[in-house]
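A short write-up of the structure that comes next.
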Amino acid sequence: MTIAISMDAIEAHARDLGVNLSAVDLDSIALPAGEDFGILSDDEEICQKEDLPEPEGGLSNIVVVDNLPVVAPDKYEKLESVVRKLFNPCGAIVVFWMPTDPETQNTYGYCFIEYNTSQEAELAREKRNGHKLDRLHILAVNVFHDFDKYMKVPDEWTAAELTPYAPGENLLKWLTDEKARDQFVIWAGMSTEIYWNDAKRAMPQLVYQKQYWTDSYVQWSPLGTHLATVHNQGAQVWGGDDKFLRLMKFPHPKLKLIDFSPGERYLVTYSSEEPSKPRGTHTVVLNIFDVRSGKVMREFKGSADDLSTGGSIAVSGVPWPIFRWGGGRDDKYFARLGKNVISVYETETFTLLDKKSLKVENVADFNWSPTDPIISMFVPEMGGGNQPAKVSLVQIPSRQELRQKNLFSVSDCKMYWQNNGEYLAVQVDRYTKTKKSIYTGFELYRIKEKDIPVEVFELDNKNHKVVAFAWEPRGHRFAIIHGDGPKHDISFYSVRTSDKASRVSKLTTIKGRQANALFWSPAGRFIVLAGLKGLNGQLEFYNVDDLETMATGEHFMATDVMWDPTGRFLATAVTSVHEMENGFQIWSFSGKHIYKVSKDHFYQFQWRPRPPSLLTPEKEKEISENLEMYSKKYKQEDRDMLDEKFEHESYRRKQLREEWTRWVAKWKEQHDEERQCRMALRGGEDSDKEEEYQGKEVEVDEVVSVIEETLAFDLDQD
């Protein structure tokens with residue numbers, strides 16, 4: 001085995017031996033045939049150099065890291081290790097140099113890092129600039145060529161060149177639709193399509209269509225401003241009324257899931273990688289992006305085991321969403337559940353609140369109030385039942401415990417916040433004394449009242465299994481599906497009585513319904529009782545104000561039920577989980593079927609959300625009380641549309657009648673032209689004049705068959 005040695009190494013070795021290679025005639029040296037003694041030719045040396053990944057030229061692939069601690073020589077290696085560990089995820093480090101003072105040998109508090117590419121350097125600046133190394137050291141990261149750029153700034157001020165203002169896409173223009181229609185997006189086959197719901201014409205109106213727009217699914221942002229598409233390379237955000245321009249890219253290899261913050265300021269992306277070893281765990285990567293700038297605000301990377309505590313399992317054993325946003329639409333806090341902790345982060349710095357997690361022994365689940373920075377948490381029993389379970393309410397950021405309630409003999413617990421944050425209903429499944437069965441009760445927390453009073457109530461039959469629970473949006477009522485048989489009962493309750501007293505009262509119970517899911521209208525008052533999965537899409541439209549059924553319907557094999565954001569229309573869909581009947585149907589709030597659209601390979605239907613109304617509660621009440629005055633305009637528009645529809649239908653029928661007349665005339669003309677030909681074929685007879693024919697009946701006898709048989713007779717018989 002030969003070892004290749006470069007010419008530079010040979011010259012250095014010759015100098016060490018005191019040999020002057022310049023006096024040696026290298027061309028006169030003849031090597032044995034087939035032998036090179038490990039000496040590389042010029043071509044081979046060039047090839048080896050070209051095979052090595054060389055960093056880019058210039059200064060664009062070098063970053064300067066400032067505000068590092070000034071350390072003594074004995075801590076140099078430790079600091080270098082920390083900095084390398086911090087910057088290695090951004091790319092392979094080619095050169096690391098941290099200068100020191102020649103006299104004291106202490107570091108200066110900054111270092112230089114060279115990457116292979118300028119893209120890696122830009123990523124390092126984006127991810128690590130502003131990183132909090134400790135309480136006194138917040139890193140300042142810059143690309144080296146920026147210093148060169150700023151050094152070339154002229155001493156004399158010159159006015160900047162003004163570019164003409166070019167208005168961007170109006171992301172809220174769709175809200176100004178004169179017909180006050182809502183949009184929805186569908187994904188079927190390879191096509192993603194956005195439509196207006198034109199219920200008056202009983203058909204959808206196409207707005208935008210694109211092939212191969214997404215790899216896995218699409219998702220509207222919570223206020224309807226953006227549409228996100230999910231790809232293997234990352235996510236993209238689009239916006240507009242009818243053009244849907246791309247607004248931002250969010251690179252994230254092997255992306256699987258995304259989630260918006262309630263105020264649309266941030267986008268969470270998720271990916272996982274299979275373990276390389278048989279006993280390894282999935283590696284999970286989470287990025288939180290700023291939606292408007294595309295900047296990575298925080299990266300989380302670790303094993304799936306570290307992130308699989310609590311929640312509903314989604315993929316790779318990890319609950320989704322991993323982060324739950326709190327504090328309303330200001331996106332101020334987000335949190336995740338860990339082992340014996342709830343980690344709360346603030347978006348001002350994207351670090352742990354007060355640099356520490358909220359320690360709660362054996363915590364199993366938590367939820368944010370939809371409107372206030374309040375966390376409700378559930379802790380199961382511990383010590384074999386010696387320590388009771390408990391539900392606590394904790395204020396953030398003060399960590400003050402606002403309320404705590406101990407619970408005994410608890411099997412499970414579920415928490416349901418009302419969307420205004422005024423009430424919290426806790427469903428408690430308890431063991432009986434014999435521990436052989438379970439019964440269910442409820443505890444209602446009145447969050448806005450003094451000392452947060454708690455009221456306990458049970459179903460009429462406390463042994464009934466609770467199938468579903470749902471609050472009325474912006475209201476004071478809730479519904480529960482309960483029962484054990486194939487048909488269930490639905491009970492409606494109010495947290496207010498007629499005299500506005502604060503106590504739970506039952507409004508009514510509907511017996512024996514094929515329903516397993518509840519869907520309140522976003523405007524309240526109306527609810528759909530749906531039988532999904534094994535109940536074949538049974539629908540009942542119920543008016544909770546009048547406590548009566550408005551209509552019933554069926555969408556066979558329905559998998560999804562979705563109200564539009566205004567509560568005027570309902571969509572039901574059969575997605576590709578079933579091979580048959582794929583498509584969607586649109587219903588009115590009262591249960592009238594409006595139209596049906598069939599789509600093969602139908603994957604997704606989503607209404608476009610609307611931002612909150614700008615009207616004050618007083619203005620909404622005034623409009624409701626004077627609805628007849630406001631509705632005159634729209635009633636006239638409805639009449640005009642009906643007249644237009646009638647005129648269109650009349651015109652369509654007239655066109656069909658004229659087309660039929662032209663068709664008859666054309667074939668009659670052709671029939672007349674072929675008359676002589678027909679007469680020649682019929683021996684001169686004019687067969688067209690049927691009135692000149694005479695009918696005659698002729699009887700013809702025809703022998704069909706003759707059969708001869710020989711019969712034997714006994715002549716001796718009488």
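Ordered as shown in the structure tokens, chains take letters A, B, and onward, while each chain numbers its residues from 1 and ligands are numbered from 1 in the order shown.
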* Asked: Which residues come within 6 Å of stretch 457-474 of chain A, counting only C-alpha atoms, excluding same-chain residues fewer than 5 positions away, as an MDAnalysis selection string?
  -> chainID A and resid 418 420 439:442 479:484 522 524
Selected residues, C-alpha atoms, written as a PDB file, in the first residue's frame, please.
```
ATOM      1  CA  GLN A 418     -66.300  28.513  27.043  1.00  0.00           C
ATOM      2  CA  ASN A 420     -65.429  33.922  25.988  1.00  0.00           C
ATOM      3  CA  TYR A 439     -70.078   7.462  36.860  1.00  0.00           C
ATOM      4  CA  THR A 440     -69.759  11.026  35.566  1.00  0.00           C
ATOM      5  CA  GLY A 441     -70.308  14.405  37.161  1.00  0.00           C
ATOM      6  CA  PHE A 442     -69.552  18.009  36.197  1.00  0.00           C
ATOM      7  CA  ALA A 479     -75.190  20.514  25.395  1.00  0.00           C
ATOM      8  CA  ILE A 480     -74.309  16.967  26.438  1.00  0.00           C
ATOM      9  CA  ILE A 481     -74.844  13.706  24.540  1.00  0.00           C
ATOM     10  CA  HIS A 482     -75.189  10.828  26.992  1.00  0.00           C
ATOM     11  CA  GLY A 483     -76.467   7.263  27.137  1.00  0.00           C
ATOM     12  CA  ASP A 484     -75.407   3.644  26.769  1.00  0.00           C
ATOM     13  CA  PRO A 522     -70.798  30.203  15.627  1.00  0.00           C
ATOM     14  CA  GLY A 524     -75.182  30.460  18.915  1.00  0.00           C
TER      15      GLY A 524
END
```
* Excluding A:Asp182 and residues on its chain fewer than 2 positions from it, collect all residues at most 8 Å away from it, counting only C-alpha atoms, and give them as a list in words. =>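 My list of contacting residues is Ala180, Phe184, Trp196, Asn197, Asp564, Pro565, Trp607 and Arg608 of chain A.
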* To do: Name the residues of stretch 532-631 of chain A that fall into alpha helix (DSSP H) according to DSSP on the backbone, using the chain letters and numbers of this document, as a PyMOL selection string.
  => chain A and resi 617-625+627-631
Could you save the residues just selected, with N, CA, C and O atoms, as a PDB file, in the first residue's frame?
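Dumped everything to part02.pdb:
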```pdb
ATOM      1  N   PRO A 617     -70.907  45.516  20.812  1.00  0.00           N
ATOM      2  CA  PRO A 617     -72.117  44.773  21.221  1.00  0.00           C
ATOM      3  C   PRO A 617     -73.374  45.637  21.168  1.00  0.00           C
ATOM      4  O   PRO A 617     -74.456  45.149  20.820  1.00  0.00           O
ATOM      5  N   GLU A 618     -73.224  46.922  21.500  1.00  0.00           N
ATOM      6  CA  GLU A 618     -74.381  47.814  21.458  1.00  0.00           C
ATOM      7  C   GLU A 618     -74.886  47.980  20.027  1.00  0.00           C
ATOM      8  O   GLU A 618     -76.103  47.985  19.771  1.00  0.00           O
ATOM      9  N   LYS A 619     -73.944  48.131  19.066  1.00  0.00           N
ATOM     10  CA  LYS A 619     -74.337  48.293  17.668  1.00  0.00           C
ATOM     11  C   LYS A 619     -74.978  47.014  17.136  1.00  0.00           C
ATOM     12  O   LYS A 619     -75.980  47.075  16.403  1.00  0.00           O
ATOM     13  N   GLU A 620     -74.437  45.862  17.503  1.00  0.00           N
ATOM     14  CA  GLU A 620     -75.035  44.599  17.075  1.00  0.00           C
ATOM     15  C   GLU A 620     -76.457  44.459  17.618  1.00  0.00           C
ATOM     16  O   GLU A 620     -77.359  43.993  16.913  1.00  0.00           O
ATOM     17  N   LYS A 621     -76.657  44.854  18.867  1.00  0.00           N
ATOM     18  CA  LYS A 621     -77.994  44.789  19.461  1.00  0.00           C
ATOM     19  C   LYS A 621     -78.950  45.730  18.744  1.00  0.00           C
ATOM     20  O   LYS A 621     -80.108  45.387  18.475  1.00  0.00           O
ATOM     21  N   GLU A 622     -78.460  46.941  18.404  1.00  0.00           N
ATOM     22  CA  GLU A 622     -79.313  47.916  17.702  1.00  0.00           C
ATOM     23  C   GLU A 622     -79.715  47.385  16.322  1.00  0.00           C
ATOM     24  O   GLU A 622     -80.861  47.538  15.893  1.00  0.00           O
ATOM     25  N   ILE A 623     -78.783  46.742  15.627  1.00  0.00           N
ATOM     26  CA  ILE A 623     -79.091  46.169  14.316  1.00  0.00           C
ATOM     27  C   ILE A 623     -80.106  45.048  14.456  1.00  0.00           C
ATOM     28  O   ILE A 623     -81.050  44.933  13.659  1.00  0.00           O
ATOM     29  N   SER A 624     -79.938  44.214  15.470  1.00  0.00           N
ATOM     30  CA  SER A 624     -80.863  43.099  15.683  1.00  0.00           C
ATOM     31  C   SER A 624     -82.276  43.594  15.964  1.00  0.00           C
ATOM     32  O   SER A 624     -83.256  43.028  15.473  1.00  0.00           O
ATOM     33  N   GLU A 625     -82.380  44.676  16.744  1.00  0.00           N
ATOM     34  CA  GLU A 625     -83.704  45.206  17.083  1.00  0.00           C
ATOM     35  C   GLU A 625     -84.358  45.916  15.901  1.00  0.00           C
ATOM     36  O   GLU A 625     -85.585  46.013  15.841  1.00  0.00           O
ATOM     37  N   LEU A 627     -83.860  45.061  12.603  1.00  0.00           N
ATOM     38  CA  LEU A 627     -83.477  44.233  11.476  1.00  0.00           C
ATOM     39  C   LEU A 627     -84.367  44.469  10.262  1.00  0.00           C
ATOM     40  O   LEU A 627     -83.907  44.428   9.121  1.00  0.00           O
ATOM     41  N   GLU A 628     -85.644  44.747  10.499  1.00  0.00           N
ATOM     42  CA  GLU A 628     -86.575  44.943   9.386  1.00  0.00           C
ATOM     43  C   GLU A 628     -86.164  46.150   8.540  1.00  0.00           C
ATOM     44  O   GLU A 628     -86.243  46.114   7.310  1.00  0.00           O
ATOM     45  N   MET A 629     -85.685  47.199   9.200  1.00  0.00           N
ATOM     46  CA  MET A 629     -85.271  48.394   8.477  1.00  0.00           C
ATOM     47  C   MET A 629     -84.030  48.105   7.631  1.00  0.00           C
ATOM     48  O   MET A 629     -83.943  48.507   6.466  1.00  0.00           O
ATOM     49  N   TYR A 630     -83.074  47.380   8.204  1.00  0.00           N
ATOM     50  CA  TYR A 630     -81.841  47.066   7.472  1.00  0.00           C
ATOM     51  C   TYR A 630     -82.080  46.039   6.373  1.00  0.00           C
ATOM     52  O   TYR A 630     -81.369  46.001   5.372  1.00  0.00           O
ATOM     53  N   SER A 631     -83.072  45.185   6.573  1.00  0.00           N
ATOM     54  CA  SER A 631     -83.276  44.084   5.629  1.00  0.00           C
ATOM     55  C   SER A 631     -84.001  44.508   4.353  1.00  0.00           C
ATOM     56  O   SER A 631     -84.030  43.745   3.389  1.00  0.00           O
TER      57      SER A 631
END
```
* To do: Between atom CA of A:Asn232 and atom CA of A:Asn287, measure the distance and give it in Å to one decimal.
  => 14.7 Å
For stretch 381-491 of chain A versus stretch 502-517 of chain A, which residues have an atom no more than 6 Å away, and what is each residue's nearest atom pair and distance in Å rounded to one decimal, using only C-alpha atoms, chain-then-number order, as JSON lines?
```
{"residue": "A:Lys487", "atom": "CA", "partner": "A:Gly512", "partner_atom": "CA", "distance": 4.9}
{"residue": "A:His488", "atom": "CA", "partner": "A:Gly512", "partner_atom": "CA", "distance": 5.0}
{"residue": "A:Asp489", "atom": "CA", "partner": "A:Lys511", "partner_atom": "CA", "distance": 4.6}
{"residue": "A:Ile490", "atom": "CA", "partner": "A:Ile510", "partner_atom": "CA", "distance": 5.1}
{"residue": "A:Ser491", "atom": "CA", "partner": "A:Thr509", "partner_atom": "CA", "distance": 4.2}
```
Please save C-alpha atoms of the selected residues as a short mmCIF file (atom, residue, chain, number, x, y, z; two decimals), in the first residue's frame.
```
data_model
loop_
_atom_site.label_atom_id
_atom_site.label_comp_id
_atom_site.auth_asym_id
_atom_site.auth_seq_id
_atom_site.Cartn_x
_atom_site.Cartn_y
_atom_site.Cartn_z
CA LYS A 487 -79.47 5.76 20.56
CA HIS A 488 -78.47 8.56 22.89
CA ASP A 489 -80.14 11.37 24.82
CA ILE A 490 -79.15 15.03 24.36
CA SER A 491 -79.56 17.39 27.31
#
```
Would you kindly return, as a PDB file with all heavy atoms, in the first residue's frame, each protein, DNA or RNA residue with an atom no farther than 9 Å from any atom of stretch 428-435 of chain A, considering only C-alpha atoms and excluding same-chain residues fewer than 4 positions away?
```
ATOM      1  N   LEU A 407     -60.330  16.601  44.143  1.00  0.00           N
ATOM      2  CA  LEU A 407     -61.300  15.645  43.613  1.00  0.00           C
ATOM      3  C   LEU A 407     -60.908  14.250  44.087  1.00  0.00           C
ATOM      4  O   LEU A 407     -59.722  13.893  44.072  1.00  0.00           O
ATOM      5  CB  LEU A 407     -61.319  15.690  42.078  1.00  0.00           C
ATOM      6  CG  LEU A 407     -61.545  17.062  41.434  1.00  0.00           C
ATOM      7  CD1 LEU A 407     -61.288  16.987  39.934  1.00  0.00           C
ATOM      8  CD2 LEU A 407     -62.954  17.559  41.715  1.00  0.00           C
ATOM      9  N   PHE A 408     -61.901  13.442  44.463  1.00  0.00           N
ATOM     10  CA  PHE A 408     -61.629  12.130  45.032  1.00  0.00           C
ATOM     11  C   PHE A 408     -62.177  11.020  44.139  1.00  0.00           C
ATOM     12  O   PHE A 408     -63.172  11.205  43.434  1.00  0.00           O
ATOM     13  CB  PHE A 408     -62.237  12.032  46.440  1.00  0.00           C
ATOM     14  CG  PHE A 408     -61.656  13.014  47.407  1.00  0.00           C
ATOM     15  CD1 PHE A 408     -62.221  14.285  47.553  1.00  0.00           C
ATOM     16  CD2 PHE A 408     -60.536  12.695  48.160  1.00  0.00           C
ATOM     17  CE1 PHE A 408     -61.684  15.202  48.444  1.00  0.00           C
ATOM     18  CE2 PHE A 408     -59.990  13.614  49.055  1.00  0.00           C
ATOM     19  CZ  PHE A 408     -60.564  14.866  49.196  1.00  0.00           C
ATOM     20  N   SER A 409     -61.517   9.853  44.201  1.00  0.00           N
ATOM     21  CA  SER A 409     -61.920   8.655  43.446  1.00  0.00           C
ATOM     22  C   SER A 409     -62.042   8.949  41.951  1.00  0.00           C
ATOM     23  O   SER A 409     -62.988   8.514  41.300  1.00  0.00           O
ATOM     24  CB  SER A 409     -63.240   8.093  43.989  1.00  0.00           C
ATOM     25  OG  SER A 409     -63.122   7.763  45.353  1.00  0.00           O
ATOM     26  N   VAL A 410     -61.092   9.680  41.420  1.00  0.00           N
ATOM     27  CA  VAL A 410     -61.170  10.143  40.034  1.00  0.00           C
ATOM     28  C   VAL A 410     -60.517   9.124  39.096  1.00  0.00           C
ATOM     29  O   VAL A 410     -59.383   8.684  39.323  1.00  0.00           O
ATOM     30  CB  VAL A 410     -60.487  11.517  39.877  1.00  0.00           C
ATOM     31  CG1 VAL A 410     -60.449  11.935  38.413  1.00  0.00           C
ATOM     32  CG2 VAL A 410     -61.218  12.549  40.711  1.00  0.00           C
ATOM     33  N   SER A 411     -61.240   8.777  38.027  1.00  0.00           N
ATOM     34  CA  SER A 411     -60.697   7.936  36.965  1.00  0.00           C
ATOM     35  C   SER A 411     -60.085   8.793  35.854  1.00  0.00           C
ATOM     36  O   SER A 411     -58.994   8.513  35.364  1.00  0.00           O
ATOM     37  CB  SER A 411     -61.784   7.036  36.383  1.00  0.00           C
ATOM     38  OG  SER A 411     -61.370   6.453  35.178  1.00  0.00           O
ATOM     39  N   ASP A 412     -60.811   9.841  35.447  1.00  0.00           N
ATOM     40  CA  ASP A 412     -60.332  10.716  34.371  1.00  0.00           C
ATOM     41  C   ASP A 412     -60.986  12.074  34.516  1.00  0.00           C
ATOM     42  O   ASP A 412     -61.988  12.231  35.237  1.00  0.00           O
ATOM     43  CB  ASP A 412     -60.654  10.107  33.003  1.00  0.00           C
ATOM     44  CG  ASP A 412     -59.884  10.782  31.878  1.00  0.00           C
ATOM     45  OD1 ASP A 412     -58.947  11.540  32.176  1.00  0.00           O
ATOM     46  OD2 ASP A 412     -60.239  10.570  30.705  1.00  0.00           O
ATOM     47  N   CYS A 413     -60.421  13.047  33.811  1.00  0.00           N
ATOM     48  CA  CYS A 413     -60.928  14.410  33.910  1.00  0.00           C
ATOM     49  C   CYS A 413     -60.710  15.121  32.581  1.00  0.00           C
ATOM     50  O   CYS A 413     -59.650  15.001  31.969  1.00  0.00           O
ATOM     51  CB  CYS A 413     -60.183  15.139  35.031  1.00  0.00           C
ATOM     52  SG  CYS A 413     -60.785  16.801  35.347  1.00  0.00           S
ATOM     53  N   LYS A 414     -61.735  15.844  32.118  1.00  0.00           N
ATOM     54  CA  LYS A 414     -61.630  16.639  30.888  1.00  0.00           C
ATOM     55  C   LYS A 414     -62.079  18.058  31.185  1.00  0.00           C
ATOM     56  O   LYS A 414     -63.040  18.271  31.932  1.00  0.00           O
ATOM     57  CB  LYS A 414     -62.487  16.039  29.766  1.00  0.00           C
ATOM     58  CG  LYS A 414     -62.043  14.659  29.299  1.00  0.00           C
ATOM     59  CD  LYS A 414     -62.923  14.183  28.152  1.00  0.00           C
ATOM     60  CE  LYS A 414     -62.482  12.822  27.637  1.00  0.00           C
ATOM     61  NZ  LYS A 414     -62.718  11.753  28.642  1.00  0.00           N
ATOM     62  N   MET A 415     -61.397  19.036  30.561  1.00  0.00           N
ATOM     63  CA  MET A 415     -61.689  20.445  30.815  1.00  0.00           C
ATOM     64  C   MET A 415     -62.187  21.117  29.541  1.00  0.00           C
ATOM     65  O   MET A 415     -61.577  20.967  28.477  1.00  0.00           O
ATOM     66  CB  MET A 415     -60.439  21.156  31.339  1.00  0.00           C
ATOM     67  CG  MET A 415     -59.942  20.619  32.666  1.00  0.00           C
ATOM     68  SD  MET A 415     -58.345  21.308  33.202  1.00  0.00           S
ATOM     69  CE  MET A 415     -57.222  20.488  32.077  1.00  0.00           C
ATOM     70  N   TYR A 439     -68.993   6.525  37.129  1.00  0.00           N
ATOM     71  CA  TYR A 439     -70.078   7.462  36.860  1.00  0.00           C
ATOM     72  C   TYR A 439     -69.492   8.850  36.623  1.00  0.00           C
ATOM     73  O   TYR A 439     -68.344   9.125  36.983  1.00  0.00           O
ATOM     74  CB  TYR A 439     -71.099   7.482  38.000  1.00  0.00           C
ATOM     75  CG  TYR A 439     -70.573   8.052  39.303  1.00  0.00           C
ATOM     76  CD1 TYR A 439     -70.779   9.391  39.637  1.00  0.00           C
ATOM     77  CD2 TYR A 439     -69.868   7.251  40.206  1.00  0.00           C
ATOM     78  CE1 TYR A 439     -70.303   9.920  40.823  1.00  0.00           C
ATOM     79  CE2 TYR A 439     -69.390   7.769  41.388  1.00  0.00           C
ATOM     80  CZ  TYR A 439     -69.601   9.104  41.695  1.00  0.00           C
ATOM     81  OH  TYR A 439     -69.121   9.632  42.871  1.00  0.00           O
ATOM     82  N   THR A 440     -70.269   9.722  36.005  1.00  0.00           N
ATOM     83  CA  THR A 440     -69.759  11.026  35.566  1.00  0.00           C
ATOM     84  C   THR A 440     -70.504  12.165  36.240  1.00  0.00           C
ATOM     85  O   THR A 440     -71.739  12.136  36.370  1.00  0.00           O
ATOM     86  CB  THR A 440     -69.891  11.165  34.040  1.00  0.00           C
ATOM     87  OG1 THR A 440     -69.159  10.114  33.410  1.00  0.00           O
ATOM     88  CG2 THR A 440     -69.341  12.495  33.561  1.00  0.00           C
ATOM     89  N   GLY A 441     -69.743  13.170  36.644  1.00  0.00           N
ATOM     90  CA  GLY A 441     -70.308  14.405  37.161  1.00  0.00           C
ATOM     91  C   GLY A 441     -69.607  15.604  36.534  1.00  0.00           C
ATOM     92  O   GLY A 441     -68.596  15.451  35.838  1.00  0.00           O
ATOM     93  N   PHE A 442     -70.135  16.789  36.768  1.00  0.00           N
ATOM     94  CA  PHE A 442     -69.552  18.009  36.197  1.00  0.00           C
ATOM     95  C   PHE A 442     -69.365  19.055  37.283  1.00  0.00           C
ATOM     96  O   PHE A 442     -70.156  19.135  38.239  1.00  0.00           O
ATOM     97  CB  PHE A 442     -70.461  18.571  35.098  1.00  0.00           C
ATOM     98  CG  PHE A 442     -70.497  17.736  33.855  1.00  0.00           C
ATOM     99  CD1 PHE A 442     -71.393  16.682  33.746  1.00  0.00           C
ATOM    100  CD2 PHE A 442     -69.631  17.977  32.803  1.00  0.00           C
ATOM    101  CE1 PHE A 442     -71.431  15.899  32.609  1.00  0.00           C
ATOM    102  CE2 PHE A 442     -69.657  17.197  31.657  1.00  0.00           C
ATOM    103  CZ  PHE A 442     -70.564  16.155  31.562  1.00  0.00           C
ATOM    104  N   GLU A 443     -68.318  19.865  37.123  1.00  0.00           N
ATOM    105  CA  GLU A 443     -68.067  20.988  38.021  1.00  0.00           C
ATOM    106  C   GLU A 443     -67.877  22.235  37.167  1.00  0.00           C
ATOM    107  O   GLU A 443     -67.069  22.245  36.233  1.00  0.00           O
ATOM    108  CB  GLU A 443     -66.832  20.723  38.880  1.00  0.00           C
ATOM    109  CG  GLU A 443     -66.930  19.409  39.647  1.00  0.00           C
ATOM    110  CD  GLU A 443     -66.069  19.397  40.892  1.00  0.00           C
ATOM    111  OE1 GLU A 443     -65.333  20.385  41.107  1.00  0.00           O
ATOM    112  OE2 GLU A 443     -66.148  18.418  41.649  1.00  0.00           O
TER     113      GLU A 443
END
```
* Those of stretch 55-91 of chain A in DSSP strand (DSSP E or B), formatted as an MDAnalysis selection string -> chainID A and resid 62:66
Okay, now the selection with N, CA and C atoms, as a JSON list (two decimals), in the first residue's frame?
```json
[["chain", "number", "residue", "atom", "x", "y", "z"],
["A", 62, "ILE", "N", -18.32, 34.20, 6.37],
["A", 62, "ILE", "CA", -17.70, 34.34, 7.69],
["A", 62, "ILE", "C", -18.62, 35.18, 8.57],
["A", 63, "VAL", "N", -18.84, 34.72, 9.80],
["A", 63, "VAL", "CA", -19.63, 35.49, 10.76],
["A", 63, "VAL", "C", -18.75, 35.93, 11.91],
["A", 64, "VAL", "N", -19.11, 37.08, 12.46],
["A", 64, "VAL", "CA", -18.42, 37.62, 13.64],
["A", 64, "VAL", "C", -19.39, 37.52, 14.80],
["A", 65, "VAL", "N", -18.97, 36.83, 15.86],
["A", 65, "VAL", "CA", -19.81, 36.65, 17.05],
["A", 65, "VAL", "C", -19.26, 37.54, 18.15],
["A", 66, "ASP", "N", -20.07, 38.53, 18.55],
["A", 66, "ASP", "CA", -19.63, 39.49, 19.56],
["A", 66, "ASP", "C", -20.41, 39.27, 20.86]]
```
* Asked: Which residues come within 9 Å of stretch 236-244 of chain A, counting only C-alpha atoms, excluding same-chain residues fewer than 3 positions away, as a list in words?
  ->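 Final neighbour list, sorted by chain and number: Glu169, Asn170, Leu171, Leu172, Lys173, Trp174, Leu175, Ile194, Val207, Tyr208, Thr225, His226, Leu227, Ala228, Thr229, Val230, His231, Leu247, Met248, Lys249, Phe250, Pro251 and Val291 of chain A.
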* To do: Just the residues within 9 Å of stretch 323-328 of chain A, please, counting only C-alpha atoms, with nothing from its chain fewer than 4 positions along; format it as a VMD selection string.
  => chain A and resid 259 261 to 263 268 332 to 337 367 to 375 396
Take the residues from that selection and put them in a file with C-alpha atoms, as a PDB file, in the first residue's frame.
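Printed below is out-v3.pdb as written:
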```
ATOM      1  CA  ASP A 259     -49.931  25.370  13.372  1.00  0.00           C
ATOM      2  CA  SER A 261     -50.786  31.198  16.645  1.00  0.00           C
ATOM      3  CA  PRO A 262     -54.281  32.652  17.348  1.00  0.00           C
ATOM      4  CA  GLY A 263     -53.217  36.146  16.244  1.00  0.00           C
ATOM      5  CA  VAL A 268     -45.067  26.465  14.135  1.00  0.00           C
ATOM      6  CA  LYS A 332     -47.916  36.675  24.156  1.00  0.00           C
ATOM      7  CA  TYR A 333     -47.361  33.194  25.599  1.00  0.00           C
ATOM      8  CA  PHE A 334     -47.117  29.595  24.480  1.00  0.00           C
ATOM      9  CA  ALA A 335     -46.624  26.481  26.587  1.00  0.00           C
ATOM     10  CA  ARG A 336     -46.069  22.752  26.394  1.00  0.00           C
ATOM     11  CA  LEU A 337     -46.547  19.877  28.792  1.00  0.00           C
ATOM     12  CA  ASN A 367     -55.520  24.274  28.837  1.00  0.00           C
ATOM     13  CA  TRP A 368     -55.357  28.039  28.372  1.00  0.00           C
ATOM     14  CA  SER A 369     -58.318  30.316  28.809  1.00  0.00           C
ATOM     15  CA  PRO A 370     -59.325  31.507  25.298  1.00  0.00           C
ATOM     16  CA  THR A 371     -59.202  35.169  26.355  1.00  0.00           C
ATOM     17  CA  ASP A 372     -56.989  35.579  29.442  1.00  0.00           C
ATOM     18  CA  PRO A 373     -53.514  34.359  30.489  1.00  0.00           C
ATOM     19  CA  ILE A 374     -54.961  31.739  32.831  1.00  0.00           C
ATOM     20  CA  ILE A 375     -53.970  28.069  32.797  1.00  0.00           C
ATOM     21  CA  ILE A 396     -49.606  33.950  34.151  1.00  0.00           C
TER      22      ILE A 396
END
```
* To do: Find the residues around A:Leu532 up to 10 Å (only C-alpha atoms counted), leave out those fewer than 4 positions away in its own chain, and share them as an MDAnalysis selection string.
  => chainID A and resid 514:517 536:539 555:561
